[in-house]
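The file entry.cif contains mmCIF, C-alpha atoms:
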data_upload
loop_
_atom_site.group_PDB
_atom_site.id
_atom_site.type_symbol
_atom_site.label_atom_id
_atom_site.label_comp_id
_atom_site.auth_asym_id
_atom_site.auth_seq_id
_atom_site.Cartn_x
_atom_site.Cartn_y
_atom_site.Cartn_z
ATOM 1 C CA MET A 8 0.000 0.000 0.000
ATOM 2 C CA LYS A 9 1.278 3.485 -0.848
ATOM 3 C CA ARG A 10 0.144 6.245 1.508
ATOM 4 C CA ILE A 11 0.076 9.517 -0.410
ATOM 5 C CA SER A 12 -0.413 12.945 1.177
ATOM 6 C CA TYR A 13 0.848 16.431 0.420
ATOM 7 C CA VAL A 14 4.304 15.491 1.723
ATOM 8 C CA LEU A 15 4.466 11.761 1.019
ATOM 9 C CA MET A 16 3.338 12.190 -2.580
ATOM 10 C CA CYS A 17 6.770 13.533 -3.506
ATOM 11 C CA LEU A 18 8.469 10.565 -1.819
ATOM 12 C CA ALA A 19 6.196 8.206 -3.711
ATOM 13 C CA MET A 20 7.451 9.687 -6.974
ATOM 14 C CA LEU A 21 10.982 8.590 -6.125
ATOM 15 C CA THR A 22 10.011 4.996 -5.349
ATOM 16 C CA LEU A 23 7.346 4.442 -7.981
ATOM 17 C CA GLY A 24 8.482 6.694 -10.834
ATOM 18 C CA THR A 25 6.351 9.209 -12.707
ATOM 19 C CA SER A 26 5.562 7.188 -15.821
ATOM 20 C CA ALA A 27 2.585 4.881 -16.141
ATOM 21 C CA SER A 28 4.827 2.006 -17.220
ATOM 22 C CA ALA A 29 7.092 2.299 -14.185
ATOM 23 C CA ALA A 30 4.250 2.688 -11.709
ATOM 24 C CA SER A 31 2.172 -0.119 -13.167
ATOM 25 C CA LYS A 32 4.952 -2.618 -12.403
ATOM 26 C CA LYS A 33 4.077 -2.133 -8.726
ATOM 27 C CA VAL A 34 0.483 -3.292 -9.378
ATOM 28 C CA ALA A 35 1.041 -6.928 -8.502
ATOM 29 C CA SER A 36 -1.912 -7.597 -6.222
ATOM 30 C CA VAL A 37 -4.870 -5.839 -4.622
ATOM 31 C CA LYS A 38 -2.658 -4.785 -1.711
ATOM 32 C CA ASP A 39 0.121 -3.469 -3.915
ATOM 33 C CA SER A 40 -2.301 -1.624 -6.200
ATOM 34 C CA LEU A 41 -4.075 0.330 -3.456
ATOM 35 C CA TYR A 42 -3.263 4.044 -3.533
ATOM 36 C CA VAL A 43 -4.237 6.170 -0.543
ATOM 37 C CA LEU A 44 -4.671 9.948 -0.640
ATOM 38 C CA THR A 45 -4.929 11.815 2.666
ATOM 39 C CA SER A 46 -6.689 15.166 2.958
ATOM 40 C CA GLY A 47 -6.884 16.398 6.538
ATOM 41 C CA LYS A 48 -8.817 13.775 8.497
ATOM 42 C CA VAL A 49 -10.157 12.136 5.345
ATOM 43 C CA VAL A 50 -8.498 9.133 3.694
ATOM 44 C CA MET A 51 -9.441 7.996 0.174
ATOM 45 C CA SER A 52 -8.349 4.605 -1.223
ATOM 46 C CA ILE A 53 -8.309 3.759 -4.947
ATOM 47 C CA ASP A 54 -7.672 0.251 -6.283
ATOM 48 C CA ALA A 55 -6.032 0.182 -9.709
ATOM 49 C CA THR A 56 -6.830 -3.495 -10.304
ATOM 50 C CA VAL A 57 -10.618 -3.105 -10.155
ATOM 51 C CA GLY A 58 -11.416 -0.309 -12.573
ATOM 52 C CA ALA A 59 -9.559 2.342 -10.558
ATOM 53 C CA LYS A 60 -12.537 2.399 -8.193
ATOM 54 C CA VAL A 61 -12.600 4.383 -4.981
ATOM 55 C CA THR A 62 -12.967 1.472 -2.573
ATOM 56 C CA SER A 63 -12.905 3.451 0.666
ATOM 57 C CA MET A 64 -13.301 7.000 1.959
ATOM 58 C CA LYS A 65 -13.001 7.463 5.693
ATOM 59 C CA LEU A 66 -13.385 10.402 8.061
ATOM 60 C CA ASP A 67 -11.575 9.815 11.354
ATOM 61 C CA GLY A 68 -11.646 6.097 10.573
ATOM 62 C CA LYS A 69 -15.388 6.005 9.828
ATOM 63 C CA GLU A 70 -16.323 4.560 6.411
ATOM 64 C CA LEU A 71 -18.531 6.413 3.920
ATOM 65 C CA ILE A 72 -18.391 4.003 0.955
ATOM 66 C CA ALA A 73 -20.433 0.793 0.721
ATOM 67 C CA GLN A 74 -18.178 -2.249 1.107
ATOM 68 C CA HIS A 75 -18.366 -5.495 -0.855
ATOM 69 C CA VAL A 76 -20.595 -8.209 0.581
ATOM 70 C CA PRO A 77 -19.892 -11.505 -1.237
ATOM 71 C CA GLY A 78 -23.035 -13.237 -2.480
ATOM 72 C CA VAL A 79 -24.077 -16.654 -3.603
ATOM 73 C CA GLY A 80 -24.030 -17.575 -7.281
ATOM 74 C CA PHE A 81 -22.208 -16.348 -10.361
ATOM 75 C CA ARG A 82 -22.968 -12.657 -9.795
ATOM 76 C CA ASN A 83 -21.272 -12.525 -6.381
ATOM 77 C CA ASN A 84 -22.658 -8.996 -5.805
ATOM 78 C CA VAL A 85 -19.732 -7.569 -7.766
ATOM 79 C CA ASN A 86 -21.504 -4.240 -8.289
ATOM 80 C CA ASP A 87 -22.421 -3.528 -4.667
ATOM 81 C CA TYR A 88 -19.475 -1.404 -3.535
ATOM 82 C CA GLY A 89 -17.090 1.443 -4.329
ATOM 83 C CA ALA A 90 -17.285 4.447 -6.635
ATOM 84 C CA THR A 91 -17.001 3.930 -10.380
ATOM 85 C CA PHE A 92 -17.369 5.719 -13.722
ATOM 86 C CA TRP A 93 -19.372 4.714 -16.807
ATOM 87 C CA PRO A 94 -20.193 6.078 -20.265
ATOM 88 C CA SER A 95 -23.773 7.306 -20.661
ATOM 89 C CA PRO A 96 -26.396 6.520 -21.866
ATOM 90 C CA GLN A 97 -26.754 3.086 -20.354
ATOM 91 C CA ALA A 98 -29.014 2.030 -23.223
ATOM 92 C CA GLU A 99 -25.928 1.700 -25.437
ATOM 93 C CA TRP A 100 -24.377 -1.071 -23.307
ATOM 94 C CA ASN A 101 -27.275 -2.146 -21.068
ATOM 95 C CA TRP A 102 -25.868 -4.446 -18.314
ATOM 96 C CA PRO A 103 -23.449 -5.478 -16.888
ATOM 97 C CA PRO A 104 -21.031 -2.517 -16.892
ATOM 98 C CA ILE A 105 -18.237 -2.594 -19.475
ATOM 99 C CA LYS A 106 -15.503 -4.582 -17.728
ATOM 100 C CA THR A 107 -12.603 -2.759 -19.415
ATOM 101 C CA TYR A 108 -13.625 0.522 -17.750
ATOM 102 C CA ASP A 109 -15.464 -0.657 -14.638
ATOM 103 C CA ALA A 110 -13.493 -3.619 -13.305
ATOM 104 C CA ALA A 111 -10.293 -4.321 -15.283
ATOM 105 C CA PRO A 112 -6.824 -3.088 -14.217
ATOM 106 C CA TYR A 113 -5.686 0.469 -14.955
ATOM 107 C CA THR A 114 -2.101 1.641 -15.320
ATOM 108 C CA VAL A 115 -0.888 4.178 -12.775
ATOM 109 C CA GLU A 116 1.059 7.442 -12.810
ATOM 110 C CA VAL A 117 1.913 9.109 -9.510
ATOM 111 C CA GLY A 118 2.230 12.900 -9.397
ATOM 112 C CA LYS A 119 3.123 15.392 -6.680
ATOM 113 C CA LYS A 120 -0.391 15.632 -5.272
ATOM 114 C CA SER A 121 -2.326 13.203 -7.436
ATOM 115 C CA VAL A 122 -2.714 9.725 -8.818
ATOM 116 C CA LYS A 123 -3.674 9.256 -12.475
ATOM 117 C CA MET A 124 -5.066 5.915 -13.641
ATOM 118 C CA THR A 125 -5.625 4.930 -17.278
ATOM 119 C CA SER A 126 -7.792 2.132 -18.651
ATOM 120 C CA GLY A 127 -7.251 -0.171 -21.565
ATOM 121 C CA LYS A 128 -9.363 0.015 -24.732
ATOM 122 C CA ASP A 129 -12.501 -2.044 -25.163
ATOM 123 C CA GLU A 130 -12.960 -3.319 -28.712
ATOM 124 C CA LYS A 131 -16.742 -2.933 -28.756
ATOM 125 C CA TYR A 132 -16.803 0.461 -26.988
ATOM 126 C CA PRO A 133 -13.515 2.053 -28.164
ATOM 127 C CA TYR A 134 -12.705 4.565 -25.455
ATOM 128 C CA VAL A 135 -9.802 5.058 -23.094
ATOM 129 C CA PHE A 136 -10.772 6.332 -19.632
ATOM 130 C CA VAL A 137 -8.433 8.395 -17.490
ATOM 131 C CA LYS A 138 -9.187 9.125 -13.826
ATOM 132 C CA GLU A 139 -6.990 11.607 -11.989
ATOM 133 C CA TYR A 140 -7.516 11.909 -8.236
ATOM 134 C CA LYS A 141 -6.188 15.089 -6.616
ATOM 135 C CA VAL A 142 -5.995 16.301 -3.016
ATOM 136 C CA CYS A 143 -7.315 19.859 -2.986
ATOM 137 C CA GLY A 144 -7.993 20.935 0.604
ATOM 138 C CA LYS A 145 -8.901 19.570 4.012
ATOM 139 C CA GLY A 146 -11.389 16.783 3.406
ATOM 140 C CA ALA A 147 -11.684 17.673 -0.294
ATOM 141 C CA TYR A 148 -10.657 15.956 -3.517
ATOM 142 C CA GLU A 149 -10.948 16.754 -7.204
ATOM 143 C CA ILE A 150 -11.486 13.947 -9.686
ATOM 144 C CA VAL A 151 -10.708 14.727 -13.315
ATOM 145 C CA TYR A 152 -12.330 12.241 -15.677
ATOM 146 C CA THR A 153 -11.282 12.020 -19.317
ATOM 147 C CA ILE A 154 -12.974 9.971 -22.032
ATOM 148 C CA LYS A 155 -10.795 9.574 -25.125
ATOM 149 C CA ASN A 156 -12.314 8.505 -28.432
ATOM 150 C CA VAL A 157 -9.749 6.065 -29.813
ATOM 151 C CA SER A 158 -11.925 4.938 -32.719
ATOM 152 C CA ASP A 159 -11.970 6.274 -36.293
ATOM 153 C CA LYS A 160 -15.576 7.470 -35.944
ATOM 154 C CA GLU A 161 -17.314 10.286 -34.089
ATOM 155 C CA VAL A 162 -19.001 9.155 -30.865
ATOM 156 C CA SER A 163 -21.586 10.731 -28.578
ATOM 157 C CA VAL A 164 -21.253 10.142 -24.860
ATOM 158 C CA ALA A 165 -21.793 11.694 -21.443
ATOM 159 C CA PRO A 166 -19.651 11.165 -18.303
ATOM 160 C CA TRP A 167 -21.332 9.296 -15.455
ATOM 161 C CA GLU A 168 -20.045 8.955 -11.876
ATOM 162 C CA ILE A 169 -21.543 6.424 -9.457
ATOM 163 C CA THR A 170 -20.800 6.413 -5.712
ATOM 164 C CA ARG A 171 -22.183 3.510 -3.682
ATOM 165 C CA VAL A 172 -23.003 4.185 -0.035
ATOM 166 C CA PRO A 173 -24.827 2.092 2.606
ATOM 167 C CA GLY A 174 -28.610 1.957 2.572
ATOM 168 C CA ALA A 175 -29.208 4.591 5.256
ATOM 169 C CA GLY A 176 -29.190 8.347 5.877
ATOM 170 C CA LYS A 177 -30.641 11.013 3.621
ATOM 171 C CA ILE A 178 -29.784 12.517 0.231
ATOM 172 C CA PHE A 179 -30.538 16.117 -0.698
ATOM 173 C CA PHE A 180 -29.996 18.433 -3.663
ATOM 174 C CA ASP A 181 -31.299 21.603 -5.293
ATOM 175 C CA ALA A 182 -34.116 20.478 -7.595
ATOM 176 C CA PRO A 183 -37.835 21.275 -7.591
ATOM 177 C CA SER A 184 -38.905 17.646 -7.971
ATOM 178 C CA ILE A 185 -37.912 14.090 -8.827
ATOM 179 C CA ARG A 186 -39.241 11.698 -11.411
ATOM 180 C CA PRO A 187 -40.998 9.359 -11.144
ATOM 181 C CA ALA A 188 -42.437 11.173 -8.137
ATOM 182 C CA GLU A 189 -43.955 8.090 -6.507
ATOM 183 C CA VAL A 190 -40.887 5.811 -6.548
ATOM 184 C CA LEU A 191 -39.001 7.217 -3.539
ATOM 185 C CA PRO A 192 -40.302 9.132 -0.520
ATOM 186 C CA SER A 193 -39.285 12.785 -0.890
ATOM 187 C CA GLU A 194 -39.706 16.063 0.957
ATOM 188 C CA ASN A 195 -39.265 19.727 0.067
ATOM 189 C CA LYS A 196 -37.459 21.703 2.782
ATOM 190 C CA GLU A 197 -35.286 24.808 2.726
ATOM 191 C CA GLY A 198 -35.814 25.075 -1.031
ATOM 192 C CA LEU A 199 -34.241 21.638 -1.602
ATOM 193 C CA THR A 200 -35.443 18.114 -2.362
ATOM 194 C CA TRP A 201 -34.721 15.565 0.389
ATOM 195 C CA LEU A 202 -34.763 11.787 0.061
ATOM 196 C CA PRO A 203 -34.802 10.170 3.523
ATOM 197 C CA PHE A 204 -33.838 6.503 3.244
ATOM 198 C CA VAL A 205 -36.759 4.084 3.465
ATOM 199 C CA ALA A 206 -36.032 0.395 2.881
ATOM 200 C CA ASP A 207 -38.058 -1.747 0.482
ATOM 201 C CA ASP A 208 -37.249 -5.457 0.611
ATOM 202 C CA LYS A 209 -39.145 -6.276 -2.580
ATOM 203 C CA GLN A 210 -37.825 -3.972 -5.270
ATOM 204 C CA ASN A 211 -34.986 -1.778 -6.507
ATOM 205 C CA ARG A 212 -35.867 1.860 -7.171
ATOM 206 C CA LYS A 213 -34.450 4.731 -9.221
ATOM 207 C CA ILE A 214 -35.246 8.426 -9.673
ATOM 208 C CA PHE A 215 -33.995 11.257 -11.909
ATOM 209 C CA ALA A 216 -33.681 15.005 -11.272
ATOM 210 C CA ASP A 217 -32.435 18.193 -12.906
ATOM 211 C CA GLY A 218 -30.281 19.671 -10.147
ATOM 212 C CA LYS A 219 -28.016 22.688 -9.764
ATOM 213 C CA GLY A 220 -24.555 21.144 -9.953
ATOM 214 C CA TRP A 221 -24.317 19.484 -6.544
ATOM 215 C CA LEU A 222 -25.830 16.843 -4.290
ATOM 216 C CA ALA A 223 -25.189 15.651 -0.727
ATOM 217 C CA PHE A 224 -25.541 12.580 1.474
ATOM 218 C CA ALA A 225 -25.752 12.726 5.277
ATOM 219 C CA ASN A 226 -25.221 9.573 7.321
ATOM 220 C CA ASP A 227 -23.517 8.334 10.495
ATOM 221 C CA GLY A 228 -22.149 11.713 11.552
ATOM 222 C CA MET A 229 -20.757 12.564 8.111
ATOM 223 C CA LEU A 230 -21.771 14.807 5.213
ATOM 224 C CA TYR A 231 -20.590 13.903 1.707
ATOM 225 C CA VAL A 232 -20.923 16.627 -0.930
ATOM 226 C CA LYS A 233 -20.386 16.253 -4.681
ATOM 227 C CA GLN A 234 -19.993 19.264 -6.958
ATOM 228 C CA PHE A 235 -20.023 19.152 -10.779
ATOM 229 C CA ASP A 236 -21.109 21.101 -13.854
ATOM 230 C CA ASP A 237 -24.752 22.143 -13.779
ATOM 231 C CA ILE A 238 -26.572 20.922 -16.880
ATOM 232 C CA LYS A 239 -30.164 20.900 -18.036
ATOM 233 C CA THR A 240 -32.132 17.738 -18.738
ATOM 234 C CA ALA A 241 -32.078 18.677 -22.423
ATOM 235 C CA ASP A 242 -28.245 18.512 -22.370
ATOM 236 C CA ALA A 243 -28.102 15.085 -20.710
ATOM 237 C CA ALA A 244 -27.736 11.782 -22.545
ATOM 238 C CA PRO A 245 -30.988 10.274 -23.892
ATOM 239 C CA GLU A 246 -33.225 8.985 -21.094
ATOM 240 C CA GLU A 247 -30.715 10.184 -18.450
ATOM 241 C CA ASP A 248 -30.305 13.290 -16.254
ATOM 242 C CA GLU A 249 -27.870 15.350 -14.186
ATOM 243 C CA ILE A 250 -28.768 13.580 -10.915
ATOM 244 C CA GLU A 251 -29.829 9.944 -10.607
ATOM 245 C CA ILE A 252 -30.376 7.993 -7.387
ATOM 246 C CA TYR A 253 -30.622 4.201 -7.387
ATOM 247 C CA VAL A 254 -31.711 2.424 -4.185
ATOM 248 C CA ASN A 255 -31.055 -1.294 -4.063
ATOM 249 C CA ARG A 256 -33.589 -3.475 -2.326
ATOM 250 C CA GLY A 257 -33.410 -3.872 1.446
ATOM 251 C CA THR A 258 -30.677 -1.976 3.276
ATOM 252 C CA THR A 259 -27.835 -3.062 0.995
ATOM 253 C CA TYR A 260 -26.640 0.070 -0.830
ATOM 254 C CA ILE A 261 -27.559 3.285 -2.635
ATOM 255 C CA GLU A 262 -25.968 4.625 -5.811
ATOM 256 C CA ILE A 263 -25.501 8.398 -5.733
ATOM 257 C CA GLU A 264 -25.057 9.293 -9.402
ATOM 258 C CA ASN A 265 -24.258 12.437 -11.363
ATOM 259 C CA GLN A 266 -23.816 12.956 -15.089
ATOM 260 C CA GLY A 267 -22.294 15.577 -17.339
ATOM 261 C CA ALA A 268 -23.417 16.878 -20.724
ATOM 262 C CA TYR A 269 -23.901 14.548 -23.678
ATOM 263 C CA LYS A 270 -21.354 15.550 -26.311
ATOM 264 C CA LYS A 271 -19.928 14.487 -29.646
ATOM 265 C CA ILE A 272 -16.256 13.518 -29.597
ATOM 266 C CA ALA A 273 -14.314 13.444 -32.848
ATOM 267 C CA PRO A 274 -11.848 10.611 -33.560
ATOM 268 C CA GLY A 275 -8.733 11.120 -31.444
ATOM 269 C CA ALA A 276 -10.396 13.841 -29.327
ATOM 270 C CA SER A 277 -11.358 13.790 -25.642
ATOM 271 C CA LEU A 278 -14.034 14.895 -23.200
ATOM 272 C CA THR A 279 -12.940 16.082 -19.737
ATOM 273 C CA TRP A 280 -15.222 16.395 -16.698
ATOM 274 C CA VAL A 281 -14.351 17.446 -13.149
ATOM 275 C CA VAL A 282 -16.129 16.410 -9.949
ATOM 276 C CA ARG A 283 -15.217 17.712 -6.480
ATOM 277 C CA TRP A 284 -15.813 15.564 -3.384
ATOM 278 C CA THR A 285 -15.864 16.854 0.186
ATOM 279 C CA LEU A 286 -16.367 14.772 3.331
ATOM 280 C CA LEU A 287 -16.896 16.584 6.624
ATOM 281 C CA PRO A 288 -18.355 15.922 10.066
ATOM 282 C CA ALA A 289 -22.079 16.523 10.537
ATOM 283 C CA ALA A 290 -23.581 15.576 13.867
ATOM 284 C CA ASP A 291 -26.510 13.186 13.742
ATOM 285 C CA GLY A 292 -29.844 14.929 14.232
ATOM 286 C CA LEU A 293 -28.998 18.170 12.431
ATOM 287 C CA ASP A 294 -32.061 19.744 10.862
ATOM 288 C CA ALA A 295 -32.488 20.588 7.169
ATOM 289 C CA ALA A 296 -31.317 24.184 7.591
ATOM 290 C CA ALA A 297 -28.088 23.161 9.316
ATOM 291 C CA LEU A 298 -27.295 20.437 6.768
ATOM 292 C CA LYS A 299 -27.989 22.814 3.897
ATOM 293 C CA ALA A 300 -25.639 25.403 5.425
ATOM 294 C CA LEU A 301 -22.872 22.804 5.834
ATOM 295 C CA ALA A 302 -23.287 21.601 2.255
ATOM 296 C CA LYS A 303 -23.148 25.162 0.897
ATOM 297 C CA LYS A 304 -19.871 25.787 2.749
ATOM 298 C CA ALA A 305 -18.371 22.762 1.039
ATOM 299 C CA LEU A 306 -19.190 24.078 -2.432
ATOM 300 C CA LYS A 307 -16.301 25.688 -4.295
#

In structure tokens, how does this file's structure come out?
Amino acid sequence: MKRISYVLMCLAMLTLGTSASAASKKVASVKDSLYVLTSGKVVMSIDATVGAKVTSMKLDGKELIAQHVPGVGFRNNVNDYGATFWPSPQAEWNWPPIKTYDAAPYTVEVGKKSVKMTSGKDEKYPYVFVKEYKVCGKGAYEIVYTIKNVSDKEVSVAPWEITRVPGAGKIFFDAPSIRPAEVLPSENKEGLTWLPFVADDKQNRKIFADGKGWLAFANDGMLYVKQFDDIKTADAAPEEDEIEIYVNRGTTYIEIENQGAYKKIAPGASLTWVVRWTLLPAADGLDAAALKALAKKALK
């Protein structure tokens, strides 16, 4: 495991090298491929062997991210944990996620205050994904996603980030409504839409919303805030939207999802999208006004 902070990042450059080829030689196992970025009291872990997923994000040792729970059968619950990144719309690849980008190994380049991970190329969906994780303040990180079109044809795609958290807590964002309105319990407070977690053992549920470039999740004494480009529903990929929340059945996990604009990418060109994450303490029992104020302070 490499522990990378503002100071230790420079030391890591000496031992791992700054090229992807040199760094990738260190990716020999799950343990050896785990890169850890420290920002104040927050520790983020990224595993290069499983799609460069964020597999852990802890505040004072307390875990935010949903952890893998092995299941019975061929599926083994492989999509129940971590934070990942997909091309949108989903209708173009359906299910399961494209292994090359979601679960296969990435090569690694270590910088002064960042870790950059690069995917291989899938033959059917000819992209190359690059994920660069940067420490950018106490409890804050910036993730720069790049989708490269490595085909000889123009493609249309939108960036799509998925963070899986435990089935608990409450999600809130700046949107007048959700759709479908009846799928998840929702409330309107302080000018925001709130989704308090309510378990349903029988079915999975998903909603869509046109937000204002951010969303937040409060649970277990923590507040997680995502910030990204504000887009309109009309600019999203077909049948998708800026904010999407998927709630798995029972109390297993929730997917907190955000998408960027749907754009055409010429052969050899790239799309770049930046998302900022902040994790900060938020005492249990805070009311809507207090949580809103905390979330607003986290916004850049």

Output the residue selection produced by the PyMOL selection byres ((chain A and resi 220) around 8) on the file above, formatted as a PyMOL selection string. chain A and resi 218-219+221-222+234-238+249

For the provided coordinates, the residues matched by the PyMOL selection byres ((chain A and resi 241) around 12) should be stated as a list in words.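 With the shown file as input, the PyMOL selection byres ((chain A and resi 241) around 12) matches Ala216, Asp217, Asp237, Ile238, Lys239, Thr240, Asp242, Ala243, Ala244, Pro245, Glu246, Glu247, Asp248, Glu249, Gly267, Ala268, Tyr269 and Lys270 of chain A.
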
Please measure the separation of atom CA of Glu139 of chain A and atom CA of Ala110 of chain A, giving the value in Å to one decimal.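 Pair atom CA of Glu139 of chain A / atom CA of Ala110 of chain A returns 16.6 Å.
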
I want to know what sits within 6 Å of segment 283-300 of chain A, based on only C-alpha atoms, with residues of the same chain fewer than 6 positions away left out; could you give that as a PyMOL selection string? chain A and resi 146-149+228-234

Distance table requested - segment 66-137 of chain A against segment 48-59 of chain A, cut-off 8 Å, all atoms listed in the file: one row per qualifying residue with the closest atom pair and its distance in Å to one decimal, ordered by chain and rising residue number, as CSV.
residue,atom,partner,partner_atom,distance
A:Leu66,CA,A:Val49,CA,4.6
A:Asp67,CA,A:Lys48,CA,5.6
A:Thr91,CA,A:Gly58,CA,7.3
A:Lys106,CA,A:Gly58,CA,7.8
A:Thr107,CA,A:Gly58,CA,7.4
A:Tyr108,CA,A:Gly58,CA,5.7
A:Asp109,CA,A:Gly58,CA,4.6
A:Ala110,CA,A:Gly58,CA,4.0
A:Ala111,CA,A:Gly58,CA,5.0
A:Pro112,CA,A:Thr56,CA,3.9
A:Tyr113,CA,A:Ala55,CA,5.3
A:Thr114,CA,A:Ala55,CA,7.0
A:Val115,CA,A:Ala55,CA,7.2
A:Met124,CA,A:Ala59,CA,6.5
A:Ser126,CA,A:Gly58,CA,7.5

Which residues match the PyMOL selection byres ((chain A and resi 84) around 12) in the file above, as number ranges by chain? A: 73-83, 85-89, 103, 255, 259-260

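Atom pair atom CA of Glu130 of chain A / atom CA of Val157 of chain A has a distance of 10.0 Å (rounded to one decimal).
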
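Of note, atom CA of Gly144 of chain A and atom CA of Thr62 of chain A are spaced 20.3 Å apart.
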
Please determine, counting all atoms listed in the file, which residue among A:Gly68, A:Pro133, A:Ser277, A:Ala302 has the shortest atom-to-atom distance to Phe180 of chain A.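 Using all atoms listed in the file, Phe180 of chain A sits closest to A:Ala302.
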
Around segment 60-76 of chain A, fit a box with edges along x, y and z, padding it by 6 Å on each side, then list its centre and edge lengths in Å to one decimal as JSON.
{"center_x": -16.1, "center_y": 1.1, "center_z": 1.6, "size_x": 21.0, "size_y": 30.6, "size_z": 31.5}

A:Phe215, A:Trp167, A:Trp93, A:Phe224: which is nearest Tyr253 of chain A, counting only C-alpha atoms?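 Between A:Phe215, A:Trp167, A:Trp93, A:Phe224, the residue approaching Tyr253 of chain A most closely is A:Phe215.
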
Taking all atoms listed in the file into account, which of A:Ile105, A:Arg186, A:Val172, A:Arg212 comes nearest Lys65 of chain A?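 Nearest candidate to Lys65 of chain A out of A:Ile105, A:Arg186, A:Val172, A:Arg212: A:Val172.
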
For Pro96 of chain A, which residue out of A:Val162, A:Ala223, A:Lys69, A:Lys155 is the nearest one, using all atoms listed in the file? A:Val162

For segment 162-173 of chain A, supply N, CA, C and O atoms and format the output as a tab-separated table (two decimals), in the coordinates of the input.
chain	number	residue	atom	x	y	z
A	162	VAL	N	-18.14	9.80	-31.85
A	162	VAL	CA	-19.00	9.15	-30.86
A	162	VAL	C	-19.72	10.22	-30.05
A	162	VAL	O	-19.26	11.36	-29.96
A	163	SER	N	-20.85	9.85	-29.49
A	163	SER	CA	-21.59	10.73	-28.58
A	163	SER	C	-21.68	10.04	-27.23
A	163	SER	O	-22.08	8.87	-27.15
A	164	VAL	N	-21.31	10.76	-26.18
A	164	VAL	CA	-21.25	10.14	-24.86
A	164	VAL	C	-21.35	11.22	-23.79
A	164	VAL	O	-21.04	12.39	-24.03
A	165	ALA	N	-21.80	10.81	-22.61
A	165	ALA	CA	-21.79	11.69	-21.44
A	165	ALA	C	-21.05	11.00	-20.31
A	165	ALA	O	-21.08	9.77	-20.20
A	166	PRO	N	-20.34	11.75	-19.46
A	166	PRO	CA	-19.65	11.16	-18.30
A	166	PRO	C	-20.64	10.86	-17.18
A	166	PRO	O	-21.59	11.61	-16.96
A	167	TRP	N	-20.37	9.78	-16.45
A	167	TRP	CA	-21.33	9.30	-15.46
A	167	TRP	C	-20.58	8.74	-14.25
A	167	TRP	O	-19.88	7.74	-14.37
A	168	GLU	N	-20.70	9.40	-13.11
A	168	GLU	CA	-20.05	8.96	-11.88
A	168	GLU	C	-21.06	8.31	-10.93
A	168	GLU	O	-22.15	8.84	-10.72
A	169	ILE	N	-20.68	7.18	-10.36
A	169	ILE	CA	-21.54	6.42	-9.46
A	169	ILE	C	-20.82	6.19	-8.15
A	169	ILE	O	-19.75	5.58	-8.13
A	170	THR	N	-21.36	6.67	-7.04
A	170	THR	CA	-20.80	6.41	-5.71
A	170	THR	C	-21.79	5.57	-4.92
A	170	THR	O	-22.93	5.97	-4.73
A	171	ARG	N	-21.31	4.41	-4.46
A	171	ARG	CA	-22.18	3.51	-3.68
A	171	ARG	C	-21.94	3.73	-2.20
A	171	ARG	O	-20.81	3.66	-1.72
A	172	VAL	N	-23.04	3.96	-1.48
A	172	VAL	CA	-23.00	4.18	-0.04
A	172	VAL	C	-23.99	3.22	0.62
A	172	VAL	O	-24.86	2.66	-0.05
A	173	PRO	N	-23.89	3.00	1.93
A	173	PRO	CA	-24.83	2.09	2.61
A	173	PRO	C	-26.27	2.57	2.49
A	173	PRO	O	-26.55	3.76	2.36
